[in-house]
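K.L.:
One file is attached below, model23.cif, containing mmCIF, C-alpha atoms and all ligand atoms.
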```cif
data_start
loop_
_atom_site.group_PDB
_atom_site.id
_atom_site.type_symbol
_atom_site.label_atom_id
_atom_site.label_comp_id
_atom_site.auth_asym_id
_atom_site.auth_seq_id
_atom_site.Cartn_x
_atom_site.Cartn_y
_atom_site.Cartn_z
ATOM 1 C CA MET I 1 0.000 0.000 0.000
ATOM 2 C CA LYS I 2 1.403 3.363 -1.015
ATOM 3 C CA LYS I 3 1.541 6.026 1.676
ATOM 4 C CA LEU I 4 -0.217 8.846 -0.230
ATOM 5 C CA GLU I 5 -2.621 6.918 -2.476
ATOM 6 C CA ASN I 6 -4.924 9.339 -4.370
ATOM 7 C CA LYS I 7 -3.963 12.335 -2.274
ATOM 8 C CA ILE I 8 -3.739 15.770 -3.916
ATOM 9 C CA ALA I 9 -0.603 17.659 -2.906
ATOM 10 C CA LEU I 10 0.241 21.307 -3.610
ATOM 11 C CA ILE I 11 3.980 21.952 -3.355
ATOM 12 C CA THR I 12 5.359 25.483 -3.601
ATOM 13 C CA GLY I 13 8.760 26.039 -5.168
ATOM 14 C CA ALA I 14 8.636 22.580 -6.742
ATOM 15 C CA SER I 15 10.646 23.193 -9.914
ATOM 16 C CA SER I 16 14.019 22.506 -8.258
ATOM 17 C CA GLY I 17 15.847 21.174 -5.219
ATOM 18 C CA ILE I 18 13.919 19.840 -2.238
ATOM 19 C CA GLY I 19 10.480 20.774 -3.649
ATOM 20 C CA ALA I 20 11.168 18.876 -6.874
ATOM 21 C CA GLY I 21 12.341 15.853 -4.881
ATOM 22 C CA VAL I 22 9.195 15.971 -2.738
ATOM 23 C CA ALA I 23 6.975 16.227 -5.848
ATOM 24 C CA ILE I 24 8.468 13.094 -7.412
ATOM 25 C CA ALA I 25 8.485 11.152 -4.130
ATOM 26 C CA TYR I 26 4.819 12.025 -3.507
ATOM 27 C CA ALA I 27 3.892 10.830 -7.011
ATOM 28 C CA LYS I 28 5.731 7.542 -6.400
ATOM 29 C CA GLU I 29 3.686 7.193 -3.201
ATOM 30 C CA GLY I 30 0.457 7.605 -5.193
ATOM 31 C CA ALA I 31 -0.314 11.344 -4.990
ATOM 32 C CA ASP I 32 -1.313 13.747 -7.755
ATOM 33 C CA VAL I 33 0.920 16.777 -7.555
ATOM 34 C CA VAL I 34 0.559 20.516 -8.131
ATOM 35 C CA ILE I 35 3.923 21.967 -9.041
ATOM 36 C CA ASN I 36 4.160 25.659 -8.197
ATOM 37 C CA TYR I 37 6.945 27.813 -9.651
ATOM 38 C CA PRO I 38 7.410 31.594 -9.509
ATOM 39 C CA THR I 39 7.982 32.869 -13.059
ATOM 40 C CA ARG I 40 8.247 31.877 -16.724
ATOM 41 C CA ALA I 41 11.988 31.400 -16.215
ATOM 42 C CA GLN I 42 11.352 28.211 -14.175
ATOM 43 C CA ARG I 43 8.694 26.792 -16.503
ATOM 44 C CA ALA I 44 10.985 24.359 -18.339
ATOM 45 C CA ASP I 45 12.314 22.965 -15.042
ATOM 46 C CA ALA I 46 8.768 22.695 -13.697
ATOM 47 C CA ASN I 47 7.742 20.856 -16.864
ATOM 48 C CA ALA I 48 10.543 18.334 -16.362
ATOM 49 C CA ILE I 49 9.288 17.629 -12.826
ATOM 50 C CA ALA I 50 5.723 17.300 -14.152
ATOM 51 C CA SER I 51 6.979 14.709 -16.669
ATOM 52 C CA ALA I 52 8.607 12.736 -13.853
ATOM 53 C CA VAL I 53 5.319 12.836 -11.904
ATOM 54 C CA ARG I 54 3.445 11.543 -14.959
ATOM 55 C CA ARG I 55 6.032 8.790 -15.506
ATOM 56 C CA ALA I 56 5.203 7.678 -11.960
ATOM 57 C CA GLY I 57 1.601 7.287 -13.185
ATOM 58 C CA ARG I 58 0.116 10.339 -11.459
ATOM 59 C CA ARG I 59 -1.435 13.609 -12.613
ATOM 60 C CA ALA I 60 0.578 16.844 -12.511
ATOM 61 C CA LEU I 61 -0.673 20.426 -12.637
ATOM 62 C CA LEU I 62 1.723 23.323 -13.162
ATOM 63 C CA VAL I 63 0.838 26.634 -11.534
ATOM 64 C CA GLU I 64 2.932 29.753 -12.015
ATOM 65 C CA ALA I 65 2.521 31.991 -8.963
ATOM 66 C CA ASP I 66 4.709 34.184 -6.804
ATOM 67 C CA VAL I 67 3.763 32.806 -3.390
ATOM 68 C CA SER I 68 4.523 36.116 -1.685
ATOM 69 C CA ASP I 69 1.738 37.783 -3.710
ATOM 70 C CA ASP I 70 -1.684 37.697 -2.068
ATOM 71 C CA ALA I 71 -3.738 37.756 -5.283
ATOM 72 C CA ALA I 72 -1.482 35.210 -7.001
ATOM 73 C CA VAL I 73 -1.816 32.746 -4.115
ATOM 74 C CA ARG I 74 -5.593 33.195 -4.041
ATOM 75 C CA ARG I 75 -5.730 32.459 -7.790
ATOM 76 C CA MET I 76 -3.430 29.442 -7.415
ATOM 77 C CA VAL I 77 -5.565 27.826 -4.711
ATOM 78 C CA LYS I 78 -8.721 28.489 -6.745
ATOM 79 C CA ALA I 79 -7.154 26.914 -9.850
ATOM 80 C CA VAL I 80 -6.104 23.802 -7.920
ATOM 81 C CA LEU I 81 -9.553 23.347 -6.365
ATOM 82 C CA LYS I 82 -11.155 23.798 -9.783
ATOM 83 C CA ARG I 83 -8.960 21.084 -11.307
ATOM 84 C CA PHE I 84 -8.802 18.571 -8.440
ATOM 85 C CA ASP I 85 -11.706 19.487 -6.065
ATOM 86 C CA ARG I 86 -9.508 19.214 -3.024
ATOM 87 C CA ILE I 87 -6.095 19.797 -1.477
ATOM 88 C CA ASP I 88 -5.054 17.078 0.968
ATOM 89 C CA VAL I 89 -1.466 18.155 1.455
ATOM 90 C CA LEU I 90 0.091 21.631 1.331
ATOM 91 C CA VAL I 91 3.879 21.843 1.306
ATOM 92 C CA ASN I 92 5.077 25.408 1.948
ATOM 93 C CA ASN I 93 8.546 25.018 0.525
ATOM 94 C CA ALA I 94 9.372 28.001 -1.709
ATOM 95 C CA GLY I 95 12.240 30.100 -0.476
ATOM 96 C CA ILE I 96 15.250 32.218 -1.315
ATOM 97 C CA SER I 97 18.629 32.713 0.313
ATOM 98 C CA THR I 98 20.636 35.942 0.318
ATOM 99 C CA ARG I 99 23.382 37.082 2.649
ATOM 100 C CA ALA I 100 24.300 40.380 4.325
ATOM 101 C CA LEU I 101 25.371 41.545 7.754
ATOM 102 C CA VAL I 102 22.682 43.445 9.666
ATOM 103 C CA GLU I 103 24.564 46.756 9.398
ATOM 104 C CA ASP I 104 24.876 46.370 5.620
ATOM 105 C CA MET I 105 21.470 44.881 4.828
ATOM 106 C CA SER I 106 19.074 47.144 2.954
ATOM 107 C CA VAL I 107 15.498 47.370 4.173
ATOM 108 C CA ALA I 108 14.463 46.073 0.741
ATOM 109 C CA GLN I 109 16.614 42.941 1.224
ATOM 110 C CA TRP I 110 15.083 42.315 4.657
ATOM 111 C CA ASP I 111 11.546 42.817 3.333
ATOM 112 C CA GLU I 112 12.100 40.569 0.297
ATOM 113 C CA MET I 113 13.261 37.725 2.541
ATOM 114 C CA ILE I 114 10.361 38.027 4.966
ATOM 115 C CA ARG I 115 7.909 38.308 2.070
ATOM 116 C CA ILE I 116 9.099 35.250 0.151
ATOM 117 C CA ASN I 117 10.162 32.994 3.030
ATOM 118 C CA LEU I 118 7.558 33.827 5.709
ATOM 119 C CA ARG I 119 4.604 35.820 4.359
ATOM 120 C CA SER I 120 4.193 33.110 1.687
ATOM 121 C CA VAL I 121 3.691 30.461 4.371
ATOM 122 C CA PHE I 122 0.914 32.519 5.938
ATOM 123 C CA LEU I 123 -0.715 33.272 2.557
ATOM 124 C CA CYS I 124 -0.767 29.695 1.248
ATOM 125 C CA THR I 125 -1.969 28.348 4.591
ATOM 126 C CA HIS I 126 -4.573 31.124 4.909
ATOM 127 C CA TYR I 127 -6.188 30.256 1.577
ATOM 128 C CA VAL I 128 -5.986 26.459 1.892
ATOM 129 C CA LEU I 129 -7.006 26.141 5.547
ATOM 130 C CA PRO I 130 -10.780 26.895 5.252
ATOM 131 C CA HIS I 131 -11.001 24.205 2.604
ATOM 132 C CA MET I 132 -9.166 21.686 4.819
ATOM 133 C CA TYR I 133 -11.409 22.613 7.765
ATOM 134 C CA ALA I 134 -14.517 22.112 5.627
ATOM 135 C CA ARG I 135 -13.379 18.568 4.725
ATOM 136 C CA ASN I 136 -11.862 17.959 8.162
ATOM 137 C CA TYR I 137 -8.729 16.629 6.506
ATOM 138 C CA GLY I 138 -5.330 18.072 5.730
ATOM 139 C CA LYS I 139 -1.591 17.959 6.186
ATOM 140 C CA ILE I 140 0.394 21.192 6.126
ATOM 141 C CA ILE I 141 4.158 20.862 5.983
ATOM 142 C CA SER I 142 6.405 23.920 5.947
ATOM 143 C CA THR I 143 10.101 24.007 5.140
ATOM 144 C CA ALA I 144 12.032 25.710 7.906
ATOM 145 C CA SER I 145 15.792 25.249 8.380
ATOM 146 C CA GLN I 146 18.209 24.217 11.097
ATOM 147 C CA LEU I 147 19.412 27.824 10.823
ATOM 148 C CA GLY I 148 16.102 28.871 12.382
ATOM 149 C CA TYR I 149 17.513 27.334 15.583
ATOM 150 C CA ALA I 150 21.229 27.993 15.212
ATOM 151 C CA GLY I 151 21.273 31.449 13.636
ATOM 152 C CA SER I 152 23.835 32.466 11.043
ATOM 153 C CA ALA I 153 26.084 35.529 10.733
ATOM 154 C CA GLY I 154 24.989 37.149 7.485
ATOM 155 C CA GLY I 155 21.651 35.338 7.559
ATOM 156 C CA SER I 156 19.623 37.208 10.181
ATOM 157 C CA HIS I 157 16.713 37.780 7.788
ATOM 158 C CA TYR I 158 16.697 34.135 6.593
ATOM 159 C CA CYS I 159 16.959 32.788 10.144
ATOM 160 C CA ALA I 160 14.238 35.125 11.421
ATOM 161 C CA ALA I 161 11.933 33.948 8.626
ATOM 162 C CA LYS I 162 12.671 30.269 9.332
ATOM 163 C CA ALA I 163 12.225 30.658 13.102
ATOM 164 C CA GLY I 164 9.003 32.498 12.276
ATOM 165 C CA ILE I 165 7.785 29.456 10.342
ATOM 166 C CA LEU I 166 8.348 27.252 13.413
ATOM 167 C CA ALA I 167 6.408 29.642 15.676
ATOM 168 C CA PHE I 168 3.675 30.089 13.067
ATOM 169 C CA THR I 169 3.249 26.316 12.821
ATOM 170 C CA ARG I 170 3.050 25.867 16.587
ATOM 171 C CA SER I 171 0.462 28.647 16.908
ATOM 172 C CA LEU I 172 -1.524 27.303 13.965
ATOM 173 C CA SER I 173 -1.519 23.846 15.540
ATOM 174 C CA ARG I 174 -3.078 25.281 18.698
ATOM 175 C CA GLU I 175 -5.783 26.928 16.565
ATOM 176 C CA ILE I 176 -6.454 23.706 14.649
ATOM 177 C CA GLY I 177 -6.985 21.834 17.898
ATOM 178 C CA GLU I 178 -8.978 18.616 17.579
ATOM 179 C CA ARG I 179 -9.656 18.914 13.858
ATOM 180 C CA ASN I 180 -8.153 16.283 11.561
ATOM 181 C CA VAL I 181 -5.655 18.754 10.102
ATOM 182 C CA ASN I 182 -1.965 18.575 11.010
ATOM 183 C CA ALA I 183 0.650 21.294 10.663
ATOM 184 C CA ASN I 184 4.322 20.435 11.034
ATOM 185 C CA CYS I 185 7.724 21.549 9.758
ATOM 186 C CA VAL I 186 10.788 19.998 8.222
ATOM 187 C CA ALA I 187 14.021 21.790 9.168
ATOM 188 C CA PRO I 188 16.667 20.454 6.782
ATOM 189 C CA GLY I 189 20.363 20.927 7.361
ATOM 190 C CA ALA I 190 22.595 22.038 4.505
ATOM 191 C CA THR I 191 21.522 20.157 1.388
ATOM 192 C CA VAL I 192 22.972 19.987 -2.110
ATOM 193 C CA THR I 193 20.511 22.096 -4.147
ATOM 194 C CA PRO I 194 20.860 25.212 -6.328
ATOM 195 C CA MET I 195 20.454 27.253 -3.125
ATOM 196 C CA VAL I 196 23.856 26.360 -1.637
ATOM 197 C CA LYS I 197 26.827 27.484 -3.722
ATOM 198 C CA PRO I 198 29.543 24.783 -4.114
ATOM 199 C CA GLU I 199 32.213 27.196 -2.861
ATOM 200 C CA ARG I 200 30.498 27.112 0.568
ATOM 201 C CA TRP I 201 30.376 23.303 0.838
ATOM 202 C CA ASP I 202 33.790 22.811 2.503
ATOM 203 C CA ALA I 203 33.146 25.331 5.281
ATOM 204 C CA ILE I 204 29.687 23.878 5.884
ATOM 205 C CA ARG I 205 30.976 20.281 5.985
ATOM 206 C CA ARG I 206 33.340 21.106 8.841
ATOM 207 C CA THR I 207 30.417 22.117 11.083
ATOM 208 C CA ILE I 208 28.373 18.939 10.580
ATOM 209 C CA PRO I 209 29.021 15.795 12.676
ATOM 210 C CA LYS I 210 28.230 13.622 9.613
ATOM 211 C CA GLY I 211 30.875 15.610 7.717
ATOM 212 C CA ARG I 212 28.753 16.096 4.597
ATOM 213 C CA LEU I 213 25.835 17.989 3.153
ATOM 214 C CA ALA I 214 22.602 16.067 2.656
ATOM 215 C CA ARG I 215 21.371 14.807 -0.679
ATOM 216 C CA VAL I 216 17.776 15.742 -1.468
ATOM 217 C CA ASP I 217 16.750 12.073 -1.164
ATOM 218 C CA GLN I 218 17.905 12.134 2.482
ATOM 219 C CA ILE I 219 15.549 15.046 3.235
ATOM 220 C CA VAL I 220 12.483 13.956 1.279
ATOM 221 C CA PRO I 221 11.385 11.002 3.496
ATOM 222 C CA ALA I 222 10.510 13.457 6.297
ATOM 223 C CA TYR I 223 8.000 15.099 3.936
ATOM 224 C CA VAL I 224 6.520 11.753 2.916
ATOM 225 C CA TYR I 225 6.079 10.747 6.542
ATOM 226 C CA LEU I 226 4.483 14.049 7.626
ATOM 227 C CA ALA I 227 2.067 13.941 4.663
ATOM 228 C CA SER I 228 0.996 10.385 5.469
ATOM 229 C CA ASP I 229 -1.661 9.259 7.915
ATOM 230 C CA GLU I 230 1.135 7.608 9.932
ATOM 231 C CA ALA I 231 1.860 11.144 11.160
ATOM 232 C CA ASP I 232 -1.649 11.815 12.489
ATOM 233 C CA HIS I 233 -0.342 12.431 16.026
ATOM 234 C CA MET I 234 2.455 14.787 14.910
ATOM 235 C CA VAL I 235 1.227 18.260 15.840
ATOM 236 C CA GLY I 236 3.308 21.446 15.570
ATOM 237 C CA GLN I 237 6.510 19.407 15.406
ATOM 238 C CA THR I 238 9.704 19.836 13.456
ATOM 239 C CA VAL I 239 11.545 16.944 11.836
ATOM 240 C CA SER I 240 15.217 17.864 11.426
ATOM 241 C CA PRO I 241 17.276 15.801 8.964
ATOM 242 C CA ASN I 242 20.512 17.754 9.409
ATOM 243 C CA GLY I 243 23.438 15.356 9.866
ATOM 244 C CA GLY I 244 23.664 16.325 13.542
ATOM 245 C CA ASP I 245 24.333 19.995 12.808
ATOM 246 C CA VAL I 246 21.775 20.996 15.441
ATOM 247 C CA MET I 247 20.668 18.496 18.103
ATOM 248 C CA LEU I 248 17.564 19.315 20.111
HETATM 249 P P1 LIG V 1 16.016 25.806 -4.485
HETATM 250 O O1 LIG V 1 16.527 27.149 -4.800
HETATM 251 O O2 LIG V 1 16.284 24.685 -5.412
HETATM 252 O O3 LIG V 1 14.430 25.856 -4.237
HETATM 253 C C1 LIG V 1 13.721 26.998 -3.886
HETATM 254 C C2 LIG V 1 12.496 27.038 -4.765
HETATM 255 O O4 LIG V 1 11.642 28.124 -4.394
HETATM 256 C C3 LIG V 1 12.879 27.250 -6.238
HETATM 257 O O5 LIG V 1 12.245 26.259 -7.020
HETATM 258 C C4 LIG V 1 12.353 28.642 -6.549
HETATM 259 O O6 LIG V 1 11.937 28.788 -7.900
HETATM 260 C C5 LIG V 1 11.180 28.742 -5.585
HETATM 261 N N1 LIG V 1 10.784 30.113 -5.304
HETATM 262 C C6 LIG V 1 11.581 31.159 -4.935
HETATM 263 N N2 LIG V 1 10.843 32.268 -4.782
HETATM 264 C C7 LIG V 1 9.561 31.923 -5.057
HETATM 265 C C8 LIG V 1 8.332 32.642 -5.075
HETATM 266 N N3 LIG V 1 8.283 33.951 -4.777
HETATM 267 N N4 LIG V 1 7.199 31.970 -5.410
HETATM 268 C C9 LIG V 1 7.234 30.656 -5.725
HETATM 269 N N5 LIG V 1 8.374 29.924 -5.711
HETATM 270 C C10 LIG V 1 9.519 30.554 -5.381
HETATM 271 O O7 LIG V 1 16.597 25.469 -3.041
HETATM 272 P P2 LIG V 1 16.143 24.364 -1.978
HETATM 273 O O8 LIG V 1 17.323 24.129 -1.146
HETATM 274 O O9 LIG V 1 15.448 23.216 -2.604
HETATM 275 O O10 LIG V 1 15.107 25.203 -1.097
HETATM 276 C C11 LIG V 1 13.816 24.716 -0.761
HETATM 277 C C12 LIG V 1 13.484 25.143 0.646
HETATM 278 O O11 LIG V 1 14.386 24.486 1.535
HETATM 279 C C13 LIG V 1 13.649 26.649 0.905
HETATM 280 O O12 LIG V 1 12.584 27.091 1.721
HETATM 281 C C14 LIG V 1 14.973 26.720 1.655
HETATM 282 O O13 LIG V 1 15.046 27.854 2.480
HETATM 283 C C15 LIG V 1 14.905 25.434 2.453
HETATM 284 N N6 LIG V 1 16.177 24.929 2.967
HETATM 285 C C16 LIG V 1 17.213 24.634 2.144
HETATM 286 C C17 LIG V 1 18.389 24.155 2.677
HETATM 287 C C18 LIG V 1 19.575 23.817 1.824
HETATM 288 O O14 LIG V 1 20.680 23.669 2.363
HETATM 289 N N7 LIG V 1 19.431 23.654 0.507
HETATM 290 C C19 LIG V 1 18.497 23.948 4.064
HETATM 291 C C20 LIG V 1 17.415 24.249 4.880
HETATM 292 C C21 LIG V 1 16.245 24.735 4.319
#
```
Please express what this file holds, its structure, as structure tokens.

P.N.:
Amino acid sequence: MKKLENKIALITGASSGIGAGVAIAYAKEGADVVINYPTRAQRADANAIASAVRRAGRRALLVEADVSDDAAVRRMVKAVLKRFDRIDVLVNNAGISTRALVEDMSVAQWDEMIRINLRSVFLCTHYVLPHMYARNYGKIISTASQLGYAGSAGGSHYCAAKAGILAFTRSLSREIGERNVNANCVAPGATVTPMVKPERWDAIRRTIPKGRLARVDQIVPAYVYLASDEADHMVGQTVSPNGGDVML
């Protein structure tokens, strides 16, 4: 028995990296997948992920939407519900990474980070949640980061956004209460994706007990588990595949 048989999953930022890996893994576990990507520039990559989903025998829907844009998110959720009638799983995964010390960071750089990495999580959840409540079913999984715990010089905006996702998820879980909707996070450690430049790998490796960055396939199982009904008693939690970088 597959773990996500006939589920409908909406994954933001699914044209590359962790989101793409989650999309393909979900399809292999029996889910139909909505692949969100931000602009035309990612369409070819998103199409390649959609092809992989279809090769796994599942349906794929591509939706271009900037998840930090209120109207765009509203339209995306409407389009998904029109095509599939329901959303069983929402993966808030889209994100960016930039670096600057606090004294050098422009207000625009701070705002961009909070908009794309944190506001987006609120917006997508805000528009999907009433629908999940109405069906009394849903799994919401948001991508945080081990840096949300550890902090990072040059990454105050990123870390604040990721810590915000953890606190948002805990608060949301208290609001959800006894309903059959679960909100949890995955906080990956450094992972080989387009987000982490190869020139940073050596310095990162030295800080990790395992001595290496993760591959995407070492992160993805946490998302499969949290989307499955095996995780029904996981509430406001964070699963942290991070090679021992942060131990809680
Ligand atoms: P990635 O750059 O491959 O993926 C990020 C995705 O988000 C891209 O597909 C990008 O197109 C999309 N995106 C960016 N802005 C968007 C927007 N406004 N609207 C919609 N989509 C948008 O990198 P990744 O490592 O796979 O990152 C995925 C998530 O994992 C991010 O939230 C990131 O912060 C988090 N993360 C990554 C690492 C790591 O080491 N790679 C570690 C911890 C957490």

K.L.:
Check the smallest atom-to-atom distance from each of I:Val246, I:Ala134, I:Ala163, I:Gln237 to Ala190 in chain I using only C-alpha atoms, then report the winner.

P.N.:
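Under the stated criterion, the closest residue is I:Val246.
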
K.L.:
For ligand LIG 1 (chain V), I'd like the enclosing box, axis-aligned and padded by 6 Å on every side, reported as JSON with centre and edge lengths in Å to one decimal.

P.N.:
```
{"center_x": 13.9, "center_y": 28.6, "center_z": -1.5, "size_x": 25.5, "size_y": 22.7, "size_z": 24.8}
```

K.L.:
Got a sec: who's within 7 Å of range 12-15 of chain I, counting all atoms listed in the file, leaving out chain neighbours fewer than 6 positions off, as a ChimeraX atom specification?

P.N.:
/I:23,35-37,42,45-46,49,91-94

K.L.:
If you take all atoms listed in the file and a cut-off of 9 Å, which residues of chain I touch ligand LIG 1 (chain V), and what are their nearest atom pairs and distances in Å to one decimal, in chain and number order, as a tab-separated table?

P.N.:
```
residue	atom	partner	partner_atom	distance
I:Thr12	CA	V:LIG1	N5	5.8
I:Gly13	CA	V:LIG1	O4	3.6
I:Ala14	CA	V:LIG1	O5	5.2
I:Ser15	CA	V:LIG1	O5	4.5
I:Ser16	CA	V:LIG1	O2	4.2
I:Gly17	CA	V:LIG1	O9	3.3
I:Ile18	CA	V:LIG1	O9	3.7
I:Gly19	CA	V:LIG1	O9	5.6
I:Ala20	CA	V:LIG1	O9	7.4
I:Gly21	CA	V:LIG1	O9	8.3
I:Asn36	CA	V:LIG1	C9	6.4
I:Tyr37	CA	V:LIG1	N5	4.7
I:Pro38	CA	V:LIG1	C9	3.9
I:Thr39	CA	V:LIG1	O6	7.7
I:Ala41	CA	V:LIG1	O6	8.7
I:Gln42	CA	V:LIG1	O6	6.3
I:Asp45	CA	V:LIG1	O5	8.7
I:Ala46	CA	V:LIG1	O5	8.3
I:Glu64	CA	V:LIG1	C9	7.7
I:Ala65	CA	V:LIG1	C9	5.9
I:Asp66	CA	V:LIG1	N4	3.6
I:Val67	CA	V:LIG1	N4	4.1
I:Ser68	CA	V:LIG1	N3	5.3
I:Asp69	CA	V:LIG1	N3	7.7
I:Asn92	CA	V:LIG1	O12	7.7
I:Asn93	CA	V:LIG1	O12	4.7
I:Ala94	CA	V:LIG1	O4	3.5
I:Gly95	CA	V:LIG1	O12	3.7
I:Ile96	CA	V:LIG1	C6	5.3
I:Ser97	CA	V:LIG1	O13	6.4
I:Arg115	CA	V:LIG1	N3	8.1
I:Ile116	CA	V:LIG1	N3	5.2
I:Asn117	CA	V:LIG1	O12	6.5
I:Ser120	CA	V:LIG1	N3	7.7
I:Ser142	CA	V:LIG1	O12	8.1
I:Thr143	CA	V:LIG1	O12	5.2
I:Ala144	CA	V:LIG1	C21	5.6
I:Ser145	CA	V:LIG1	C20	4.0
I:Gln146	CA	V:LIG1	C20	6.3
I:Leu147	CA	V:LIG1	C20	7.2
I:Gly148	CA	V:LIG1	C20	8.9
I:Tyr158	CA	V:LIG1	O13	7.7
I:Lys162	CA	V:LIG1	O13	7.6
I:Val186	CA	V:LIG1	C21	8.2
I:Ala187	CA	V:LIG1	C20	6.0
I:Pro188	CA	V:LIG1	C20	4.3
I:Gly189	CA	V:LIG1	C19	4.8
I:Ala190	CA	V:LIG1	O14	3.3
I:Thr191	CA	V:LIG1	O14	3.7
I:Val192	CA	V:LIG1	N7	5.7
I:Thr193	CA	V:LIG1	O8	4.8
I:Pro194	CA	V:LIG1	O2	4.7
I:Met195	CA	V:LIG1	O7	4.3
I:Val196	CA	V:LIG1	N7	5.6
I:Leu213	CA	V:LIG1	O14	7.7
I:Ala214	CA	V:LIG1	O14	7.8
I:Val216	CA	V:LIG1	O9	7.9
I:Asn242	CA	V:LIG1	C19	8.4
```

K.L.:
Could you jot down the CA of Gln218 in chain I to CA of Ser240 in chain I separation for me, Å, one decimal place?

P.N.:
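If I compute the distance from CA of Gln218 in chain I to CA of Ser240 in chain I, I get 11.0 Å.
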
K.L.:
Which one is closest to Phe84 in chain I: I:Lys7, I:Lys210, I:Lys28, I:Arg43? Count all atoms listed in the file.

P.N.:
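Ranked by minimum distance to Phe84 in chain I, first place goes to I:Lys7.
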
K.L.:
Between CA of Ser106 in chain I and CA of Leu118 in chain I, what distance in Å does the model show, to one decimal?

P.N.:
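These two atoms are separated by 17.8 Å.
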
K.L.:
Measuring between only C-alpha atoms, which one of I:Ala153, I:Arg119, I:Lys82, I:His131 shows the shortest distance to Met105 in chain I?

P.N.:
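Among I:Ala153, I:Arg119, I:Lys82, I:His131, it is I:Ala153 that comes nearest to Met105 in chain I.
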
K.L.:
Given all atoms listed in the file as the basis, pick out the residue of I:Cys124, I:Ala79, I:Val235, I:Met113 nearest to Asn180 in chain I.

P.N.:
I:Val235

K.L.:
Can you list, as a list in words, every protein, DNA or RNA residue that comes within 10 Å of range 228-231 of chain I when you count all atoms listed in the file, leaving out same-chain residues fewer than 5 positions away?

P.N.:
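Using all atoms listed in the file, the neighbours found are Lys2, Lys3, Leu4, Glu5, Lys7, Tyr26, Glu29, Val89, Gly138, Lys139, Asn182, Asn184 and Tyr223 of chain I.
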
K.L.:
Between I:Ile11, I:Val121, I:Leu81, I:Ala222, which is the closest to Ala161 in chain I once you count only C-alpha atoms?

P.N.:
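Once distances to Ala161 in chain I are computed over only C-alpha atoms, the minimum belongs to I:Val121.
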